[in-house]
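Shown below: my_file.cif, with mmCIF, C-alpha atoms.
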```cif
data_entry
loop_
_atom_site.label_atom_id
_atom_site.label_comp_id
_atom_site.auth_asym_id
_atom_site.auth_seq_id
_atom_site.Cartn_x
_atom_site.Cartn_y
_atom_site.Cartn_z
CA MET A 14 151.88 135.34 101.93
CA THR A 15 151.51 132.08 100.01
CA THR A 16 149.58 132.35 96.75
CA ILE A 17 146.98 129.87 95.52
CA GLU A 18 149.41 128.65 92.85
CA GLN A 19 152.11 128.06 95.45
CA GLU A 20 149.68 126.15 97.70
CA GLN A 21 148.77 124.01 94.71
CA GLN A 22 152.45 123.22 94.17
CA VAL A 23 152.65 121.86 97.71
CA THR A 24 149.39 119.94 97.25
CA ASP A 25 150.61 118.37 93.99
CA TYR A 26 153.87 117.40 95.67
CA LEU A 27 152.00 115.60 98.48
CA ILE A 28 149.56 113.96 96.04
CA PHE A 29 152.59 112.60 94.19
CA HIS A 30 153.59 110.90 97.45
CA ARG A 31 150.15 109.26 97.72
CA LEU A 32 148.99 110.64 101.04
CA PRO A 33 145.29 110.17 101.92
CA LEU A 34 143.56 113.51 101.57
CA ASP A 35 142.86 114.09 105.28
CA ILE A 36 146.53 113.48 106.08
CA LEU A 37 147.60 115.44 103.00
CA LEU A 38 145.72 118.56 104.12
CA GLU A 39 147.19 118.27 107.61
CA VAL A 40 150.77 117.82 106.34
CA LYS A 41 150.27 120.58 103.75
CA ASP A 42 149.62 123.15 106.48
CA HIS A 43 152.84 122.14 108.25
CA MET A 44 154.86 122.22 105.05
CA ILE A 45 153.50 125.61 103.92
CA SER A 46 154.25 127.03 107.37
CA GLN A 47 157.77 125.64 107.22
CA VAL A 48 158.36 127.04 103.73
CA ALA A 49 157.18 130.47 104.92
CA ASP A 50 159.56 130.30 107.91
CA ILE A 51 162.48 129.38 105.64
CA GLN A 52 161.61 132.27 103.31
CA ALA A 53 161.55 134.74 106.20
CA GLU A 54 164.64 133.46 107.98
CA GLU A 55 166.89 132.90 104.95
CA ASN A 56 165.47 135.51 102.57
CA MET A 57 164.70 132.95 99.86
CA SER A 58 162.13 132.84 97.09
CA PHE A 59 159.23 130.42 97.45
CA GLU A 60 160.77 127.97 94.99
CA GLU A 61 164.09 127.92 96.85
CA ALA A 62 162.43 127.56 100.25
CA PHE A 63 160.09 124.86 98.97
CA HIS A 64 163.04 122.94 97.52
CA LYS A 65 164.83 123.13 100.89
CA ALA A 66 161.68 121.97 102.70
CA GLN A 67 161.46 118.99 100.35
CA LYS A 68 165.02 118.05 101.32
CA LEU A 69 164.10 118.28 105.01
CA TRP A 70 161.04 116.06 104.48
CA GLU A 71 162.84 113.62 102.18
CA SER A 72 163.22 110.83 104.75
CA GLU A 73 159.52 111.07 105.67
CA PHE A 74 158.49 110.23 102.12
CA LYS A 75 160.67 107.17 101.67
CA LEU A 76 158.53 104.12 100.95
CA THR A 77 158.06 101.39 103.51
CA GLY A 78 155.79 98.39 103.99
CA TYR A 79 152.78 98.16 106.30
CA SER A 80 151.13 94.92 105.23
CA LEU A 81 148.63 94.95 108.09
CA PHE A 82 146.60 97.67 106.34
CA TYR A 83 148.23 98.37 102.95
CA ARG A 84 149.09 95.99 100.14
CA GLU A 85 151.41 98.52 98.51
CA GLN A 86 154.31 100.44 100.02
CA ILE A 87 153.47 103.75 101.67
CA PRO A 88 155.48 106.80 102.82
CA VAL A 89 157.14 106.57 106.24
CA ILE A 90 155.17 109.58 107.49
CA LEU A 91 151.87 107.91 106.57
CA LYS A 92 152.88 104.72 108.40
CA LYS A 93 153.72 106.75 111.53
CA ILE A 94 150.38 108.57 111.46
CA VAL A 95 148.38 105.42 110.70
CA LYS A 96 150.05 103.47 113.53
CA GLU A 97 149.40 106.28 116.00
CA LYS A 98 145.76 106.74 115.01
CA TYR A 99 144.97 103.03 114.68
CA THR A 100 146.64 102.16 118.00
CA GLY A 101 144.24 104.53 119.76
CA ILE A 102 141.26 103.14 117.86
CA PHE A 103 142.29 99.55 118.55
CA ARG A 104 142.55 100.21 122.30
CA LYS A 105 139.02 101.60 122.33
CA ALA A 106 137.82 98.63 120.28
CA LEU A 107 139.40 96.17 122.74
CA LEU A 108 137.59 97.81 125.66
CA LEU A 109 134.28 97.88 123.81
CA GLY A 110 134.85 94.26 122.75
CA LEU A 111 135.36 93.34 126.41
CA ALA A 112 132.10 95.10 127.32
CA SER A 113 130.35 93.21 124.53
CA PHE A 114 131.87 89.95 125.76
CA THR A 115 130.38 90.69 129.20
CA VAL A 116 126.96 91.27 127.62
CA ASN A 117 127.22 87.91 125.85
CA LEU A 118 127.91 86.24 129.20
CA LEU A 119 125.02 88.08 130.88
CA LEU A 120 122.70 86.72 128.20
CA VAL A 121 123.38 83.25 129.62
CA TYR A 122 122.10 84.28 133.05
CA PHE A 123 119.15 86.24 131.66
CA SER A 124 117.97 83.16 129.75
CA ALA A 125 115.57 80.66 131.26
CA ASP A 126 116.59 77.90 128.87
CA GLN A 127 118.76 77.08 125.87
CA GLU A 128 116.17 78.24 123.34
CA MET A 129 115.80 81.64 124.99
CA TYR A 130 119.60 82.04 125.08
CA ASN A 131 119.84 81.23 121.37
CA ASP A 132 117.20 83.85 120.56
CA LEU A 133 118.91 86.54 122.66
CA PHE A 134 122.34 85.65 121.28
CA GLN A 135 121.07 85.88 117.70
CA PHE A 136 119.31 89.19 118.35
CA TYR A 137 122.29 90.80 120.07
CA ASN A 138 124.84 89.65 117.50
CA SER A 139 122.57 90.75 114.66
CA LEU A 140 122.63 94.24 116.15
CA MET A 141 126.43 94.16 116.07
CA VAL A 142 126.24 94.00 112.29
CA MET A 143 123.09 95.99 111.57
CA ILE A 144 123.89 99.12 113.60
CA PRO A 145 127.20 99.90 111.80
CA PHE A 146 125.57 99.02 108.46
CA LEU A 147 122.62 101.37 109.06
CA TYR A 148 125.01 104.08 110.27
CA TRP A 149 126.80 103.79 106.93
CA ALA A 150 123.66 103.27 104.78
CA PHE A 151 121.80 106.36 106.03
CA SER A 152 124.72 108.72 105.57
CA LYS A 153 124.77 109.83 101.94
CA LYS A 154 128.11 111.57 102.38
CA MET A 155 129.73 108.46 103.81
CA ARG A 156 128.32 106.24 101.05
CA ARG A 157 129.80 108.55 98.45
CA TYR A 158 133.29 108.67 99.91
CA MET A 159 133.61 105.28 101.64
CA LYS A 160 134.43 103.41 98.42
CA ARG A 161 137.81 101.71 98.71
CA ASP A 162 138.84 102.98 95.27
CA PHE A 163 137.57 106.56 95.64
CA LYS A 164 140.51 108.81 94.89
CA TYR A 165 141.31 112.49 94.57
CA ARG A 166 143.03 113.23 91.26
CA GLU A 167 143.49 109.47 90.75
CA ASN A 168 146.25 109.36 93.36
CA SER A 169 145.17 110.25 96.88
CA PHE A 170 142.54 108.40 98.92
CA PHE A 171 140.07 110.63 100.73
CA THR A 172 140.82 109.50 104.29
CA ILE A 173 142.90 106.80 105.93
CA TYR A 174 139.75 105.37 107.53
CA GLN A 175 138.00 104.20 104.37
CA GLN A 176 140.68 101.55 103.91
CA ASN A 177 138.88 99.18 106.31
CA PHE A 178 135.33 98.89 104.95
CA GLY A 179 136.13 95.45 103.52
CA LEU A 180 137.01 94.31 107.04
CA PHE A 181 133.44 95.04 108.14
CA VAL A 182 132.00 92.90 105.33
CA ILE A 183 134.24 89.95 106.25
CA CYS A 184 133.48 90.17 109.99
CA GLY A 185 129.78 90.72 109.38
CA ASN A 186 129.66 87.54 107.33
CA MET A 187 131.48 85.58 110.06
CA ILE A 188 129.10 86.87 112.74
CA PHE A 189 126.12 85.75 110.66
CA GLN A 190 127.76 82.33 110.45
CA LEU A 191 127.80 82.32 114.26
CA ILE A 192 124.18 83.43 114.41
CA ILE A 193 122.78 80.67 112.21
CA ARG A 194 124.54 77.99 114.27
CA ASP A 195 122.93 77.18 117.62
CA ASP A 196 125.58 77.38 120.34
CA LYS A 197 124.96 74.88 123.12
CA HIS A 198 128.39 74.86 124.73
CA VAL A 199 128.30 78.20 126.59
CA PHE A 200 124.82 77.76 128.06
CA ARG A 201 125.55 74.18 129.09
CA PHE A 202 128.81 75.14 130.78
CA PHE A 203 127.38 78.00 132.85
CA ARG A 204 123.82 76.84 133.50
CA THR A 205 123.78 73.03 133.48
CA ASP A 206 125.80 70.10 134.76
CA ASP A 207 126.10 68.56 131.30
CA PRO A 208 129.67 67.80 130.13
CA VAL A 209 131.16 70.27 127.66
CA THR A 210 134.12 69.83 125.33
CA ILE A 211 136.74 72.48 126.17
CA LEU A 212 137.89 73.45 122.67
CA PRO A 213 134.41 74.25 121.25
CA LEU A 214 133.60 76.12 124.47
CA VAL A 215 136.72 78.29 124.20
CA LEU A 216 136.00 79.00 120.53
CA CYS A 217 132.41 79.98 121.31
CA LEU A 218 133.65 82.42 123.96
CA VAL A 219 136.70 83.85 122.19
CA LEU A 220 135.53 84.09 118.59
CA PRO A 221 132.60 86.48 119.26
CA TYR A 222 134.95 88.67 121.33
CA ILE A 223 137.47 88.87 118.48
CA LEU A 224 134.79 89.57 115.86
CA HIS A 225 133.05 92.17 118.03
CA THR A 226 136.37 93.90 118.66
CA ILE A 227 136.99 94.10 114.90
CA ILE A 228 133.44 95.35 114.31
CA PHE A 229 133.99 98.10 116.91
CA PHE A 230 137.31 98.93 115.24
CA VAL A 231 135.53 99.37 111.91
CA PHE A 232 132.64 101.30 113.49
CA ILE A 233 135.06 103.76 115.10
CA ASN A 234 136.68 104.05 111.66
CA PHE A 235 133.26 105.01 110.27
CA TYR A 236 132.95 107.69 112.94
CA GLU A 237 136.47 109.04 112.37
CA HIS A 238 135.89 108.99 108.62
CA LYS A 239 132.75 111.09 109.08
CA LYS A 240 134.66 113.52 111.32
CA SER A 241 137.34 113.83 108.65
CA LEU A 242 134.70 114.57 106.02
CA ASP A 243 133.22 117.27 108.26
CA LYS A 244 136.66 118.85 108.65
CA MET A 245 137.10 118.78 104.87
CA LYS A 246 133.58 120.08 104.24
CA ASP A 247 134.60 123.21 102.31
CA PHE A 248 137.07 121.25 100.21
CA LEU A 249 134.58 118.50 99.39
CA GLN A 250 131.84 120.97 98.43
CA ALA A 251 134.17 122.33 95.76
CA LEU A 252 134.43 118.91 94.10
CA PRO A 253 132.24 118.20 91.06
CA GLY A 254 129.35 115.80 91.33
#
```
Starting from the file, lay out its structure as structure tokens.
Amino acid sequence: MTTIEQEQQVTDYLIFHRLPLDILLEVKDHMISQVADIQAEENMSFEEAFHKAQKLWESEFKLTGYSLFYREQIPVILKKIVKEKYTGIFRKALLLGLASFTVNLLLVYFSADQEMYNDLFQFYNSLMVMIPFLYWAFSKKMRRYMKRDFKYRENSFFTIYQQNFGLFVICGNMIFQLIIRDDKHVFRFFRTDDPVTILPLVLCLVLPYILHTIIFFVFINFYEHKKSLDKMKDFLQALPG
């Protein structure tokens, strides 16, 4: 039976290796279970078994780069988990982005004229920014723990998902830049016989798809972040403030 002090030793060890808290709690359960198995199988004290477990996990905590999401080096095990989780999220975001791209095209055929298309385009793309923002703004728990620099014991971020809030701000700003500019290329190409320059047309079709995909990626991050907070509910309630 692992004592509270022994569990804290494992927690402190993982905090030292800068794991986000949701990943830390997951890895801690595996490590404690492994230490207990070593104790039972090799008749060791906790300290001896824990030291052996650290040796077994040594390669997982070597530092490596992952510049796509982290400016600093991170443990190998964190990179593996992040890649696995983000690959799944990105696939979902690509599919949702494709669905959103289809909606943008349908707006062309639902519009009687260029002015109506502009209004529908602006309304729909405004929703792409406002819905994730309102989802974040009306969740007190998420506002508290979504800060990029919110840390546990000054070392461990709360979840891996809060890394990407800045991405939402950047994409939201770019979408608003699209909204305030009247796009005439797409409507002209699909609904009129007027000549259209290819490059601006391609940009007007592809750029919203890319931005919407990123927005969906961030929105799913919001959702996963909230799920992580729910899983850590008892732990978070014990925190001061």
Compile a residue-level contact table for segment 165-214 of chain A against segment 115-120 of chain A at a cut-off of 10 Å, reporting for every qualifying residue the shortest atom pair and its distance in Å to one decimal, with all atoms listed in the file counted, rows ordered by chain and ascending number, as CSV.
```
residue,atom,partner,partner_atom,distance
A:Val199,CA,A:Leu118,CA,8.5
A:Phe200,CA,A:Leu118,CA,9.1
A:Phe203,CA,A:Leu118,CA,9.0
```
| task | Evaluate the PyMOL selection byres ((chain A and resi 66) around 10) and record the selected residues as a PyMOL selection string, following the chain and residue labels used in the document. | result | chain A and resi 44-45+47-49+51+60-65+67-71
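Take the PyMOL selection byres ((chain A and resi 133-140) around 8) and apply it to this file: it picks A:Asn117, A:Leu120, A:Ser124, A:Met129, A:Tyr130, A:Asn131, A:Asp132, A:Met141, A:Val142, A:Met143, A:Ile144, A:Ile188, A:Phe189, A:Ile192, A:Ile193.
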Would you save the residues of that selection, restricted to C-alpha atoms, as a PDB file, keeping the file's coordinate frame?
```
ATOM      1  CA  ASN A 117     127.220  87.910 125.850  1.00  0.00           C
ATOM      2  CA  LEU A 120     122.700  86.720 128.200  1.00  0.00           C
ATOM      3  CA  SER A 124     117.970  83.160 129.750  1.00  0.00           C
ATOM      4  CA  MET A 129     115.800  81.640 124.990  1.00  0.00           C
ATOM      5  CA  TYR A 130     119.600  82.040 125.080  1.00  0.00           C
ATOM      6  CA  ASN A 131     119.840  81.230 121.370  1.00  0.00           C
ATOM      7  CA  ASP A 132     117.200  83.850 120.560  1.00  0.00           C
ATOM      8  CA  MET A 141     126.430  94.160 116.070  1.00  0.00           C
ATOM      9  CA  VAL A 142     126.240  94.000 112.290  1.00  0.00           C
ATOM     10  CA  MET A 143     123.090  95.990 111.570  1.00  0.00           C
ATOM     11  CA  ILE A 144     123.890  99.120 113.600  1.00  0.00           C
ATOM     12  CA  ILE A 188     129.100  86.870 112.740  1.00  0.00           C
ATOM     13  CA  PHE A 189     126.120  85.750 110.660  1.00  0.00           C
ATOM     14  CA  ILE A 192     124.180  83.430 114.410  1.00  0.00           C
ATOM     15  CA  ILE A 193     122.780  80.670 112.210  1.00  0.00           C
TER      16      ILE A 193
END
```
Can you list, as a short mmCIF file (atom, residue, chain, number, x, y, z; two decimals) with C-alpha atoms, keeping the file's coordinate frame, every protein, DNA or RNA residue that comes within 12 Å of Tyr222 of chain A when you count all atoms listed in the file, leaving out same-chain residues fewer than 5 positions away?
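Final file, selection27.cif:
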```
data_model
loop_
_atom_site.label_atom_id
_atom_site.label_comp_id
_atom_site.auth_asym_id
_atom_site.auth_seq_id
_atom_site.Cartn_x
_atom_site.Cartn_y
_atom_site.Cartn_z
CA ALA A 106 137.82 98.63 120.28
CA LEU A 107 139.40 96.17 122.74
CA LEU A 108 137.59 97.81 125.66
CA LEU A 109 134.28 97.88 123.81
CA GLY A 110 134.85 94.26 122.75
CA LEU A 111 135.36 93.34 126.41
CA ALA A 112 132.10 95.10 127.32
CA SER A 113 130.35 93.21 124.53
CA PHE A 114 131.87 89.95 125.76
CA THR A 115 130.38 90.69 129.20
CA VAL A 116 126.96 91.27 127.62
CA ASN A 117 127.22 87.91 125.85
CA LEU A 118 127.91 86.24 129.20
CA ASN A 138 124.84 89.65 117.50
CA MET A 141 126.43 94.16 116.07
CA CYS A 184 133.48 90.17 109.99
CA ILE A 188 129.10 86.87 112.74
CA LEU A 191 127.80 82.32 114.26
CA VAL A 215 136.72 78.29 124.20
CA LEU A 216 136.00 79.00 120.53
CA CYS A 217 132.41 79.98 121.31
CA ILE A 227 136.99 94.10 114.90
CA ILE A 228 133.44 95.35 114.31
CA PHE A 229 133.99 98.10 116.91
#
```
| request: Would you mind telling me which residue in A:Ile233, A:Met187, A:Ala150, A:Ile36 lies nearest to Phe103 of chain A when using only C-alpha atoms? | output: A:Ile233
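Our summary of the geometry notes that atom CA of Asn234 of chain A is positioned 29.2 Å from atom CA of Ser46 of chain A.
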| said: Can you spell out as a PyMOL selection string the set of residues that the PyMOL selection byres ((chain A and resi 89) around 12) selects in the structure I just provided? | reply: chain A and resi 30-32+70-79+86-88+90-96
| request: Quote the spacing between atom CA of Gln19 of chain A and atom CA of Asp243 of chain A in Å to one decimal place. | output: 25.2 Å
| Could you pull the residues within 10 Å of Pro213 of chain A, counting only C-alpha atoms, minus those fewer than 5 positions along the same chain, as a ChimeraX atom specification? | /A:196-199,218-219
| message | I'd like to know which of A:Lys98, A:His225, A:Lys239, A:Lys105 is closest to Leu180 of chain A, using all atoms listed in the file. | response |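 Result for the nearest residue to Leu180 of chain A: A:His225.
For Lys41 of chain A, the non-local neighbours within 8 Å, defined as residues at least 3 positions apart in the same chain or in other chains and counting only C-alpha atoms, are Val23, Thr24, Leu27, Leu37, Leu38, Met44 and Ile45 of chain A.
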| task | Counting all atoms listed in the file, figure out which residue out of A:Phe181, A:Leu34, A:Asp195, A:Glu54 gets nearest to Leu242 of chain A. | result | A:Leu34
| query | By how many Å are atom CA of Phe59 of chain A and atom CA of Phe170 of chain A apart? | reply | 27.7 Å
| field | Protein/DNA/RNA residues near (120.7, 74.0, 135.9), cut 12 Å, all atoms listed in the file, as number ranges by chain | value | A: 121-122, 124-127, 200-207
Go ahead and save the residues from that selection, with C-alpha atoms, as a tab-separated table (two decimals), keeping the file's coordinate frame.
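Written file, selection-v9.tsv:
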```tsv
chain	number	residue	atom	x	y	z
A	121	VAL	CA	123.38	83.25	129.62
A	122	TYR	CA	122.10	84.28	133.05
A	124	SER	CA	117.97	83.16	129.75
A	125	ALA	CA	115.57	80.66	131.26
A	126	ASP	CA	116.59	77.90	128.87
A	127	GLN	CA	118.76	77.08	125.87
A	200	PHE	CA	124.82	77.76	128.06
A	201	ARG	CA	125.55	74.18	129.09
A	202	PHE	CA	128.81	75.14	130.78
A	203	PHE	CA	127.38	78.00	132.85
A	204	ARG	CA	123.82	76.84	133.50
A	205	THR	CA	123.78	73.03	133.48
A	206	ASP	CA	125.80	70.10	134.76
A	207	ASP	CA	126.10	68.56	131.30
```
